[in-house]
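With compact mmCIF, C-alpha atoms inside, this is entry_27.txt:
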```txt
# COMPACT_ATOMS: atom_id res chain seq x y z
CA MET A 1 -88.92 51.32 -3.64
CA PRO A 2 -86.94 48.16 -2.86
CA LEU A 3 -88.09 45.94 -0.10
CA HIS A 4 -85.83 44.70 2.73
CA HIS A 5 -85.88 41.22 4.07
CA PRO A 6 -87.47 41.33 7.51
CA LYS A 7 -84.60 39.37 9.12
CA HIS A 8 -82.00 41.80 7.92
CA ARG A 9 -81.34 44.93 9.86
CA HIS A 10 -80.84 48.06 7.94
CA HIS A 11 -77.29 49.31 8.15
CA ASP A 12 -78.58 52.58 9.56
CA ASP A 13 -79.50 50.79 12.77
CA ASP A 14 -75.78 50.55 13.59
CA LEU A 15 -75.75 54.26 14.01
CA LEU A 16 -78.62 54.39 16.56
CA PRO A 17 -77.95 54.86 20.25
CA TYR A 18 -77.35 51.72 22.31
CA ARG A 19 -80.64 50.07 23.42
CA ARG A 20 -80.69 47.34 26.09
CA SER A 21 -82.22 44.04 24.99
CA ASP A 22 -84.87 42.20 26.92
CA ASP A 23 -82.26 39.72 28.24
CA GLU A 24 -80.11 42.48 29.58
CA ALA A 25 -83.17 43.86 31.37
CA LYS A 26 -83.68 40.67 33.38
CA PRO A 27 -82.32 40.58 36.95
CA ARG A 28 -78.88 38.85 37.34
CA ARG A 29 -77.33 36.76 40.12
CA PRO A 30 -75.25 38.62 42.56
CA TYR A 31 -71.55 38.63 41.57
CA THR A 32 -69.40 36.43 43.79
CA PRO A 33 -65.69 37.15 43.48
CA THR A 34 -63.15 34.19 43.29
CA PHE A 35 -60.20 34.62 45.63
CA PRO A 36 -56.82 32.94 44.95
CA SER A 37 -55.81 29.90 47.01
CA SER A 38 -53.74 30.30 50.11
CA PRO A 39 -49.89 30.57 49.91
CA ALA A 40 -49.44 27.19 51.66
CA SER A 41 -51.51 25.38 49.01
CA ALA A 42 -49.54 27.01 46.19
CA ASN A 43 -46.23 25.98 47.76
CA ARG A 44 -47.41 22.38 48.08
CA ARG A 45 -48.33 22.24 44.39
CA LEU A 46 -44.98 23.80 43.42
CA LEU A 47 -43.11 21.26 45.55
CA PHE A 48 -45.04 18.37 44.03
CA PHE A 49 -44.27 19.62 40.51
CA ALA A 50 -40.54 19.93 41.30
CA VAL A 51 -40.40 16.41 42.76
CA ALA A 52 -42.17 14.99 39.70
CA CYS A 53 -39.68 16.71 37.39
CA LEU A 54 -36.75 15.35 39.42
CA VAL A 55 -38.12 11.79 39.29
CA LEU A 56 -38.66 12.05 35.54
CA ALA A 57 -35.12 13.35 35.00
CA ALA A 58 -33.63 10.54 37.10
CA ALA A 59 -35.59 7.94 35.17
CA SER A 60 -34.46 9.41 31.84
CA PHE A 61 -30.80 9.40 32.94
CA ALA A 62 -31.02 5.77 34.09
CA PHE A 63 -32.55 4.75 30.77
CA ALA A 64 -29.85 6.56 28.81
CA VAL A 65 -27.06 4.88 30.79
CA SER A 66 -28.64 1.45 30.35
CA THR A 67 -29.03 1.98 26.60
CA SER A 68 -25.45 3.18 26.15
CA ARG A 69 -24.09 0.11 27.96
CA ASN A 70 -26.10 -2.33 25.89
CA ARG A 71 -25.55 -0.53 22.58
CA GLN A 72 -23.36 -2.38 20.09
CA PRO A 73 -20.37 -0.33 18.92
CA LEU A 74 -20.63 1.08 15.44
CA PRO A 75 -18.63 -0.92 12.91
CA GLN A 76 -15.28 0.68 12.24
CA PRO A 77 -14.03 0.99 8.67
CA PRO A 78 -11.40 -1.63 7.85
CA PRO A 79 -7.77 -0.48 7.92
CA THR A 80 -6.04 0.33 4.67
CA VAL A 81 -4.73 -3.03 3.54
CA ALA A 82 -1.03 -2.61 2.88
CA PHE A 83 -0.49 -5.98 1.18
CA ARG A 84 -2.46 -4.85 -1.86
CA CYS A 85 -1.83 -2.03 -4.32
CA GLY A 86 -4.27 -1.95 -7.20
CA HIS A 87 -4.07 -5.43 -8.73
CA ALA A 88 -0.72 -6.09 -7.06
CA GLU A 89 -0.67 -8.41 -4.05
CA ASP A 90 1.88 -9.61 -1.50
CA SER A 91 0.98 -13.28 -1.07
CA LEU A 92 3.02 -13.65 2.13
CA ARG A 93 1.25 -10.86 3.97
CA SER A 94 -2.10 -12.07 2.65
CA PHE A 95 -1.28 -15.48 4.14
CA LEU A 96 -0.17 -14.00 7.45
CA ALA A 97 -3.26 -11.78 7.65
CA ALA A 98 -5.56 -14.77 7.07
CA SER A 99 -3.80 -16.93 9.66
CA SER A 100 -3.10 -16.48 13.34
CA HIS A 101 0.56 -15.50 13.06
CA GLY A 102 1.41 -13.15 15.92
CA ASN A 103 0.28 -9.53 15.99
CA PHE A 104 0.29 -9.01 12.26
CA SER A 105 -1.19 -5.65 11.30
CA ALA A 106 -2.61 -5.63 7.79
CA GLY A 107 -3.02 -1.89 7.73
CA ASP A 108 0.63 -0.85 8.06
CA ARG A 109 3.39 -0.37 5.54
CA GLU A 110 5.85 -2.90 6.82
CA LYS A 111 9.01 -1.27 8.16
CA VAL A 112 12.15 -3.02 6.87
CA LEU A 113 15.69 -2.19 5.89
CA ALA A 114 14.98 -3.34 2.34
CA VAL A 115 12.47 -5.27 0.28
CA VAL A 116 14.22 -7.52 -2.23
CA GLY A 117 12.19 -8.42 -5.30
CA VAL A 118 13.61 -11.45 -7.11
CA HIS A 119 12.10 -11.12 -10.57
CA THR A 120 11.03 -14.33 -12.21
CA GLU A 121 8.94 -15.51 -15.15
CA HIS A 122 6.45 -18.25 -15.96
CA GLY A 123 7.38 -21.65 -17.29
CA ASN A 124 9.42 -24.68 -16.27
CA PHE A 125 12.86 -23.06 -16.47
CA SER A 126 11.89 -20.27 -14.10
CA ALA A 127 10.15 -22.74 -11.78
CA ALA A 128 13.38 -24.76 -11.62
CA ARG A 129 15.35 -21.62 -10.74
CA ARG A 130 12.94 -20.73 -7.94
CA ALA A 131 13.24 -24.26 -6.59
CA ALA A 132 17.04 -23.97 -6.65
CA LEU A 133 16.94 -20.65 -4.80
CA ARG A 134 14.59 -22.07 -2.15
CA ALA A 135 16.98 -24.98 -1.72
CA THR A 136 19.93 -22.63 -1.17
CA TRP A 137 19.77 -18.99 -0.03
CA PHE A 138 16.09 -18.02 -0.46
CA PRO A 139 13.94 -19.00 2.59
CA PRO A 140 11.73 -21.99 1.62
CA ASN A 141 8.69 -21.15 3.76
CA PRO A 142 6.88 -18.15 5.34
CA GLU A 143 8.49 -18.78 8.72
CA GLY A 144 11.93 -18.65 7.12
CA ILE A 145 11.17 -15.40 5.30
CA VAL A 146 9.93 -13.78 8.49
CA SER A 147 12.92 -15.10 10.46
CA LEU A 148 15.40 -13.78 7.88
CA GLU A 149 13.61 -10.44 7.88
CA HIS A 150 13.96 -10.21 11.67
CA GLY A 151 17.64 -11.14 11.47
CA THR A 152 18.74 -8.94 8.56
CA GLY A 153 15.96 -6.43 7.92
CA LEU A 154 15.52 -7.81 4.38
CA SER A 155 12.15 -9.06 3.17
CA PHE A 156 12.35 -11.32 0.12
CA ARG A 157 9.70 -11.99 -2.52
CA PHE A 158 9.57 -13.57 -5.96
CA VAL A 159 8.14 -10.92 -8.26
CA THR A 160 6.01 -11.74 -11.29
CA ARG A 161 2.72 -10.86 -12.94
CA ARG A 162 -0.50 -12.84 -13.11
CA LEU A 163 -1.56 -14.42 -16.39
CA LYS A 164 -5.04 -13.99 -17.84
CA ASP A 165 -4.91 -17.55 -19.19
CA LYS A 166 -6.27 -19.65 -16.30
CA ASP A 167 -4.63 -22.85 -17.49
CA LYS A 168 -1.18 -21.22 -17.66
CA MET A 169 -1.72 -19.54 -14.31
CA GLU A 170 -2.79 -22.72 -12.53
CA ASP A 171 0.68 -24.12 -11.87
CA LEU A 172 2.04 -20.79 -10.64
CA GLN A 173 -0.97 -20.33 -8.36
CA LYS A 174 -0.39 -23.77 -6.83
CA GLU A 175 3.21 -22.79 -6.16
CA ALA A 176 2.10 -19.50 -4.62
CA ASP A 177 -0.42 -21.30 -2.40
CA THR A 178 2.34 -23.66 -1.24
CA TYR A 179 5.14 -21.21 -0.48
CA HIS A 180 3.36 -17.84 -0.06
CA ASP A 181 6.47 -15.99 -1.26
CA PHE A 182 5.24 -14.10 -4.34
CA LEU A 183 4.64 -10.43 -4.98
CA PHE A 184 2.26 -10.22 -7.93
CA ILE A 185 2.61 -6.90 -9.70
CA ASP A 186 0.01 -5.01 -11.72
CA ALA A 187 1.33 -5.65 -15.22
CA ASP A 188 -0.05 -7.27 -18.36
CA GLU A 189 1.68 -10.01 -20.29
CA ASP A 190 2.76 -7.63 -23.03
CA THR A 191 4.16 -5.04 -20.60
CA LYS A 192 7.72 -4.02 -21.48
CA PRO A 193 10.54 -4.62 -18.94
CA PRO A 194 10.91 -0.95 -17.87
CA GLN A 195 7.16 -0.69 -17.24
CA LYS A 196 7.20 -3.92 -15.26
CA MET A 197 10.00 -2.56 -13.13
CA LEU A 198 8.08 0.64 -12.48
CA ALA A 199 5.05 -1.46 -11.47
CA PHE A 200 7.26 -3.31 -8.99
CA PHE A 201 8.59 -0.14 -7.41
CA LYS A 202 5.09 1.32 -7.13
CA ALA A 203 3.72 -1.80 -5.43
CA ALA A 204 6.73 -2.27 -3.16
CA TYR A 205 6.69 1.37 -2.07
CA HIS A 206 2.99 1.28 -1.11
CA MET A 207 3.37 -2.02 0.75
CA PHE A 208 6.72 -1.51 2.47
CA ASN A 209 8.28 1.36 4.37
CA ALA A 210 11.83 0.45 3.40
CA GLU A 211 15.12 2.30 3.37
CA PHE A 212 16.05 0.53 0.12
CA TYR A 213 14.21 -1.27 -2.66
CA VAL A 214 16.26 -3.97 -4.37
CA LYS A 215 15.77 -5.62 -7.73
CA ALA A 216 17.39 -9.02 -8.33
CA ASN A 217 17.15 -11.68 -11.02
CA ASP A 218 16.37 -15.32 -10.31
CA ASP A 219 19.66 -16.52 -11.79
CA ILE A 220 22.00 -15.22 -9.05
CA TYR A 221 23.48 -16.72 -5.92
CA MET A 222 23.18 -14.23 -3.07
CA ARG A 223 24.44 -13.74 0.46
CA PRO A 224 21.55 -11.90 2.19
CA ASP A 225 23.66 -11.16 5.27
CA ARG A 226 26.27 -9.31 3.20
CA LEU A 227 23.64 -7.41 1.26
CA ALA A 228 22.14 -6.27 4.56
CA ALA A 229 25.55 -5.13 5.79
CA LEU A 230 26.04 -3.07 2.62
CA LEU A 231 22.64 -1.38 2.82
CA ALA A 232 22.92 -0.67 6.54
CA LYS A 233 25.98 1.57 6.10
CA GLU A 234 25.67 5.27 6.87
CA ARG A 235 25.63 7.45 3.76
CA PRO A 236 25.79 11.24 3.55
CA GLN A 237 23.75 11.20 0.33
CA HIS A 238 20.14 10.04 0.80
CA LYS A 239 19.43 9.58 -2.90
CA THR A 240 21.47 6.49 -3.67
CA TYR A 241 21.76 4.11 -6.62
CA ILE A 242 23.88 1.03 -5.80
CA GLY A 243 25.01 -1.66 -8.23
CA CYS A 244 27.66 -2.81 -10.66
CA MET A 245 28.02 0.27 -12.85
CA LYS A 246 28.76 -0.07 -16.55
CA LYS A 247 28.62 1.76 -19.86
CA GLY A 248 29.09 0.82 -23.49
CA PRO A 249 28.24 1.56 -27.11
CA VAL A 250 24.63 2.07 -28.13
CA VAL A 251 23.47 -0.53 -30.66
CA ASN A 252 21.72 1.22 -33.54
CA ASP A 253 21.54 -1.72 -35.93
CA PRO A 254 18.10 -3.41 -35.76
CA ASN A 255 19.67 -6.69 -36.89
CA MET A 256 21.93 -6.90 -33.86
CA LYS A 257 21.24 -8.05 -30.30
CA TRP A 258 20.50 -5.27 -27.79
CA TYR A 259 19.26 -2.94 -30.50
CA GLU A 260 17.88 0.27 -29.00
CA SER A 261 15.04 1.76 -31.02
CA SER A 262 15.57 5.20 -29.44
CA TRP A 263 19.29 5.19 -30.13
CA GLU A 264 19.23 8.69 -31.63
CA LEU A 265 18.36 10.09 -28.18
CA LEU A 266 21.35 8.40 -26.57
CA GLY A 267 24.17 9.12 -28.97
CA ASN A 268 26.99 6.66 -29.48
CA GLU A 269 27.58 5.51 -25.90
CA TYR A 270 25.37 4.66 -22.97
CA PHE A 271 25.66 6.72 -19.80
CA MET A 272 26.74 5.07 -16.54
CA HIS A 273 24.09 2.69 -15.20
CA ALA A 274 23.89 -0.41 -13.03
CA SER A 275 23.55 -3.94 -14.33
CA GLY A 276 19.95 -5.12 -14.25
CA SER A 277 20.77 -8.38 -12.44
CA LEU A 278 21.05 -6.68 -9.04
CA TYR A 279 20.78 -3.06 -7.91
CA ALA A 280 19.31 -1.05 -5.04
CA LEU A 281 17.50 2.30 -4.90
CA SER A 282 17.06 4.34 -1.74
CA SER A 283 13.60 5.21 -0.45
CA GLU A 284 13.70 8.84 -1.61
CA VAL A 285 14.37 7.71 -5.16
CA VAL A 286 11.61 5.08 -5.20
CA GLU A 287 9.14 7.50 -3.65
CA ALA A 288 9.67 9.85 -6.59
CA LEU A 289 9.18 6.99 -9.07
CA ALA A 290 6.13 5.60 -7.28
CA THR A 291 4.35 8.95 -7.24
CA ALA A 292 5.25 10.04 -10.76
CA LYS A 293 2.82 9.72 -13.62
CA SER A 294 3.80 6.78 -15.78
CA ASP A 295 3.63 8.74 -19.01
CA SER A 296 6.01 11.37 -17.60
CA LEU A 297 8.99 8.97 -17.57
CA ARG A 298 11.01 8.17 -20.67
CA MET A 299 10.98 4.44 -21.47
CA PHE A 300 13.83 2.89 -23.42
CA ASP A 301 13.84 -0.70 -24.67
CA TYR A 302 15.84 -2.12 -21.78
CA GLU A 303 15.26 -1.91 -18.06
CA ASP A 304 18.81 -1.19 -16.91
CA VAL A 305 19.23 1.65 -19.40
CA THR A 306 15.83 3.11 -18.49
CA ILE A 307 16.55 3.02 -14.76
CA GLY A 308 19.92 4.63 -15.40
CA ALA A 309 18.27 7.46 -17.35
CA TRP A 310 15.86 8.12 -14.50
CA MET A 311 18.71 8.19 -12.02
CA LEU A 312 20.58 10.81 -14.06
CA ALA A 313 17.50 13.01 -14.12
CA MET A 314 17.04 12.68 -10.35
CA ASN A 315 20.60 13.65 -9.45
CA VAL A 316 21.33 10.57 -7.35
CA LYS A 317 24.61 9.25 -6.02
CA HIS A 318 25.94 6.38 -8.14
CA GLU A 319 27.63 3.82 -5.89
CA ASP A 320 29.61 1.20 -7.81
CA ASN A 321 30.05 -2.06 -5.87
CA ARG A 322 31.74 -4.93 -7.68
CA ALA A 323 30.87 -7.41 -4.92
CA MET A 324 27.34 -7.39 -6.32
CA CYS A 325 28.47 -9.01 -9.58
CA ASP A 326 31.22 -11.52 -8.81
CA SER A 327 31.65 -14.42 -11.23
CA ILE A 328 32.98 -16.69 -8.47
CA CYS A 329 32.45 -16.77 -4.72
CA THR A 330 34.91 -14.78 -2.60
CA PRO A 331 35.01 -13.85 1.10
CA THR A 332 33.29 -10.56 0.20
CA SER A 333 30.85 -11.67 -2.52
CA ILE A 334 27.33 -10.31 -2.20
CA ALA A 335 26.03 -11.88 -5.40
CA VAL A 336 27.53 -14.33 -7.86
CA TRP A 337 26.24 -14.70 -11.39
CA ASP A 338 27.40 -15.21 -14.96
CA SER A 339 27.70 -11.80 -16.56
CA LYS A 340 27.97 -13.42 -20.00
CA LYS A 341 24.58 -15.13 -19.57
CA CYS A 342 25.28 -18.66 -20.77
CA SER A 343 21.96 -18.56 -22.71
CA GLY A 344 20.95 -22.19 -22.41
CA THR A 345 24.44 -23.69 -22.58
CA CYS A 346 24.41 -24.22 -18.83
CA ASN A 347 21.83 -25.14 -16.21
CA ILE A 348 21.36 -22.13 -13.92
CA ALA A 349 19.53 -24.15 -11.28
CA ASP A 350 22.33 -26.72 -11.03
CA LYS A 351 24.96 -23.96 -11.01
CA ILE A 352 23.31 -22.25 -8.02
CA LYS A 353 23.20 -25.54 -6.09
CA GLN A 354 26.87 -26.20 -6.85
CA LEU A 355 27.86 -22.77 -5.56
CA HIS A 356 25.89 -23.31 -2.37
CA ASN A 357 27.74 -26.55 -1.67
CA THR A 358 31.10 -24.77 -1.51
CA THR A 359 32.30 -23.43 1.82
CA VAL A 360 33.47 -20.07 0.51
CA CYS A 361 29.99 -19.41 -0.92
CA SER A 362 27.67 -20.46 1.88
CA LYS A 363 29.69 -20.93 5.05
CA SER A 364 32.20 -18.09 5.08
CA PRO A 365 31.58 -15.28 7.61
CA THR A 366 29.60 -12.20 6.70
CA LEU A 367 32.71 -10.02 6.82
CA PRO A 368 36.33 -11.09 6.23
CA PRO A 369 38.27 -11.77 9.48
CA GLU A 370 40.51 -8.72 9.11
CA VAL A 371 37.45 -6.45 8.74
CA GLU A 372 35.80 -7.96 11.83
CA GLU A 373 39.02 -7.48 13.86
CA GLU A 374 39.26 -3.81 12.87
CA GLU A 375 35.70 -3.19 14.06
```

Write out the structure in this file as structure tokens.
Amino acid sequence: MPLHHPKHRHHDDDLLPYRRSDDEAKPRRPYTPTFPSSPASANRRLLFFAVACLVLAAASFAFAVSTSRNRQPLPQPPPTVAFRCGHAEDSLRSFLAASSHGNFSAGDREKVLAVVGVHTEHGNFSAARRAALRATWFPPNPEGIVSLEHGTGLSFRFVTRRLKDKDKMEDLQKEADTYHDFLFIDADEDTKPPQKMLAFFKAAYHMFNAEFYVKANDDIYMRPDRLAALLAKERPQHKTYIGCMKKGPVVNDPNMKWYESSWELLGNEYFMHASGSLYALSSEVVEALATAKSDSLRMFDYEDVTIGAWMLAMNVKHEDNRAMCDSICTPTSIAVWDSKKCSGTCNIADKIKQLHNTTVCSKSPTLPPEVEEEE
């Protein structure tokens, strides 16, 4: 028979009737009931608690107000800089943003009647042309560019690309740092002319909120006041392509000048298109070009033909204006240039200065007298 440990109670004991222990048999103290405090005492404690809560709340509020007043404002994100677009940069607006010129807002697309990009190249010949233009009709300093913009609504820039060769770029950068009148576009040195032009329109559109975007060459003499008068006219057609319109035979012989490698797509004769020396596109047209994928646009060998092809596809209004391609100055000339391109047999820089020294070129009124009288 198994033995049980003496300290362990057999489980059968749980079934026995209740038996009082020796401690329970001892006499106990009389029970004294505890009565709740009086109503007055309870009210005093409730009032004290409420006052303490009120003081704590007031202190917390005062601390919050003090903290909010002394708190430094959170840094705001910088505005979208509208003088840059990818690797393209407007040197004038960069200069104005870095200086204390008025209330310049770097985050806005500048509102103008037109941005005029005078396309130029690197090298001494192009530098001489830019110098001639600054000495005649192109404003020679930032103040002059801003003043002309306020007077005509036209904002002028020399348009070119940066060079990867630092030595070759040094002279152009010095010139840019002196005059602050360049728009550097996002294009490589081997970029073809139509692609360079598309890069210009993309950059100009993202930097300027213009009614027109104008391309000009650096070998023309221009009257900015007359160009502004032309662009400011009311037009029923919003999609507009303005320039000296032309057409001619397509050159399919690779040994001849102006050979077009995609001649089989064009047929025997070019369609109507503006001369590449000076033309203007309305904002609706440039918006479509600036937002289109580059590989979705057909590129021909020459800029003027390529632009003309795009304009046909976009169903724009062709506006032929012969005052944009005069060979001599007249009372209505907007631009004067040599359509035959003297190709080194004449000095373009000297020619522009000579034109400027004639009264009919630089000092005649914006509109002929009979036109002013009619208005």

May I have a table of the residues of segment 203-244 of chain A lying at most 9 Å from segment 134-137 of chain A, giving each one's closest pair of atoms and their distance in Å to one decimal, counting all atoms listed in the file, ordered by chain and ascending residue number, as JSON lines?
```
{"residue": "A:Tyr221", "atom": "CA", "partner": "A:Trp137", "partner_atom": "CA", "distance": 7.3}
{"residue": "A:Met222", "atom": "CA", "partner": "A:Trp137", "partner_atom": "CA", "distance": 6.6}
{"residue": "A:Arg223", "atom": "CA", "partner": "A:Trp137", "partner_atom": "CA", "distance": 7.0}
{"residue": "A:Pro224", "atom": "CA", "partner": "A:Trp137", "partner_atom": "CA", "distance": 7.6}
```

Keeping only C-alpha atoms, write those residues as a CSV table (one decimal), keeping the file's coordinate frame.
```csv
chain,number,residue,atom,x,y,z
A,221,TYR,CA,23.5,-16.7,-5.9
A,222,MET,CA,23.2,-14.2,-3.1
A,223,ARG,CA,24.4,-13.7,0.5
A,224,PRO,CA,21.6,-11.9,2.2
```

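Between Met324 of chain A and the residues A:Asn347, A:Ser277, A:Asn255, A:Thr178, the shortest atom-to-atom distance, using only C-alpha atoms, involves A:Ser277.
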
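Minimum atom-to-atom distances from A:Leu148, A:Asp219, A:Leu172, A:Gly276 to Lys353 of chain A were compared using all atoms listed in the file, and the lowest value belongs to A:Asp219.
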
Between atom CA of Val115 of chain A and atom CA of Phe212 of chain A, distance in Å (one decimal): 6.8 Å

Within 10 Å of Ser364 of chain A using all atoms listed in the file, minus same-chain residues under 3 positions, as an MDAnalysis selection string: chainID A and resid 329:332 358:361 367:369

Contacts of Phe125 of chain A at 10 Å (only C-alpha atoms; same-chain gap of 6+ positions) as a PyMOL selection string: chain A and resi 131+347-349

Only C-alpha atoms, please: the residues just picked out, written as a CSV table (one decimal), in the frame of the given file.
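Produced file selection_34.csv, reproduced below:
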```csv
chain,number,residue,atom,x,y,z
A,131,ALA,CA,13.2,-24.3,-6.6
A,347,ASN,CA,21.8,-25.1,-16.2
A,348,ILE,CA,21.4,-22.1,-13.9
A,349,ALA,CA,19.5,-24.2,-11.3
```

Met169 of chain A surroundings by all atoms listed in the file, 12 Å radius, close-in-sequence under 4 positions cut, as a list of chain:residue names: A:Glu121, A:His122, A:Gly123, A:Thr160, A:Arg161, A:Arg162, A:Leu163, A:Lys164, A:Asp165, A:Gln173, A:Lys174, A:Glu175, A:Ala176, A:Phe184, A:Glu189

Distance criterion (all atoms listed in the file): nearest to Leu281 of chain A out of A:Tyr213, A:Phe158, A:Tyr205, A:Tyr259: A:Tyr213

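When atom CA of Lys239 of chain A is paired with atom CA of Val112 of chain A, their separation reads 17.5 Å.
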
Arg298 of chain A surroundings by only C-alpha atoms, 10 Å radius, close-in-sequence under 4 positions cut, as a PyMOL selection string: chain A and resi 194+294+306-307+309-310

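The protein and nucleic acid residues lying at most 6 Å from Val250 of chain A are Asn268, Glu269 and Tyr270 of chain A, with all atoms listed in the file considered and sequence neighbours fewer than 4 positions away removed.
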
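Going from atom CA of Ala288 of chain A over to atom CA of Pro249 of chain A, you cover 28.9 Å.
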
Residue nearest Asp188 of chain A among A:Met311, A:Met272, A:Val118, A:Ala88 (counting all atoms listed in the file): A:Ala88

Residue nearest Glu284 of chain A - candidates A:Leu154, A:Ala210, A:Leu265, A:Leu227, atoms counted: only C-alpha atoms: A:Ala210

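Minimum atom-to-atom distances from A:Pro254, A:Gly243, A:Gly144, A:Gly248 to Ser282 of chain A were compared using all atoms listed in the file, and the lowest value belongs to A:Gly243.
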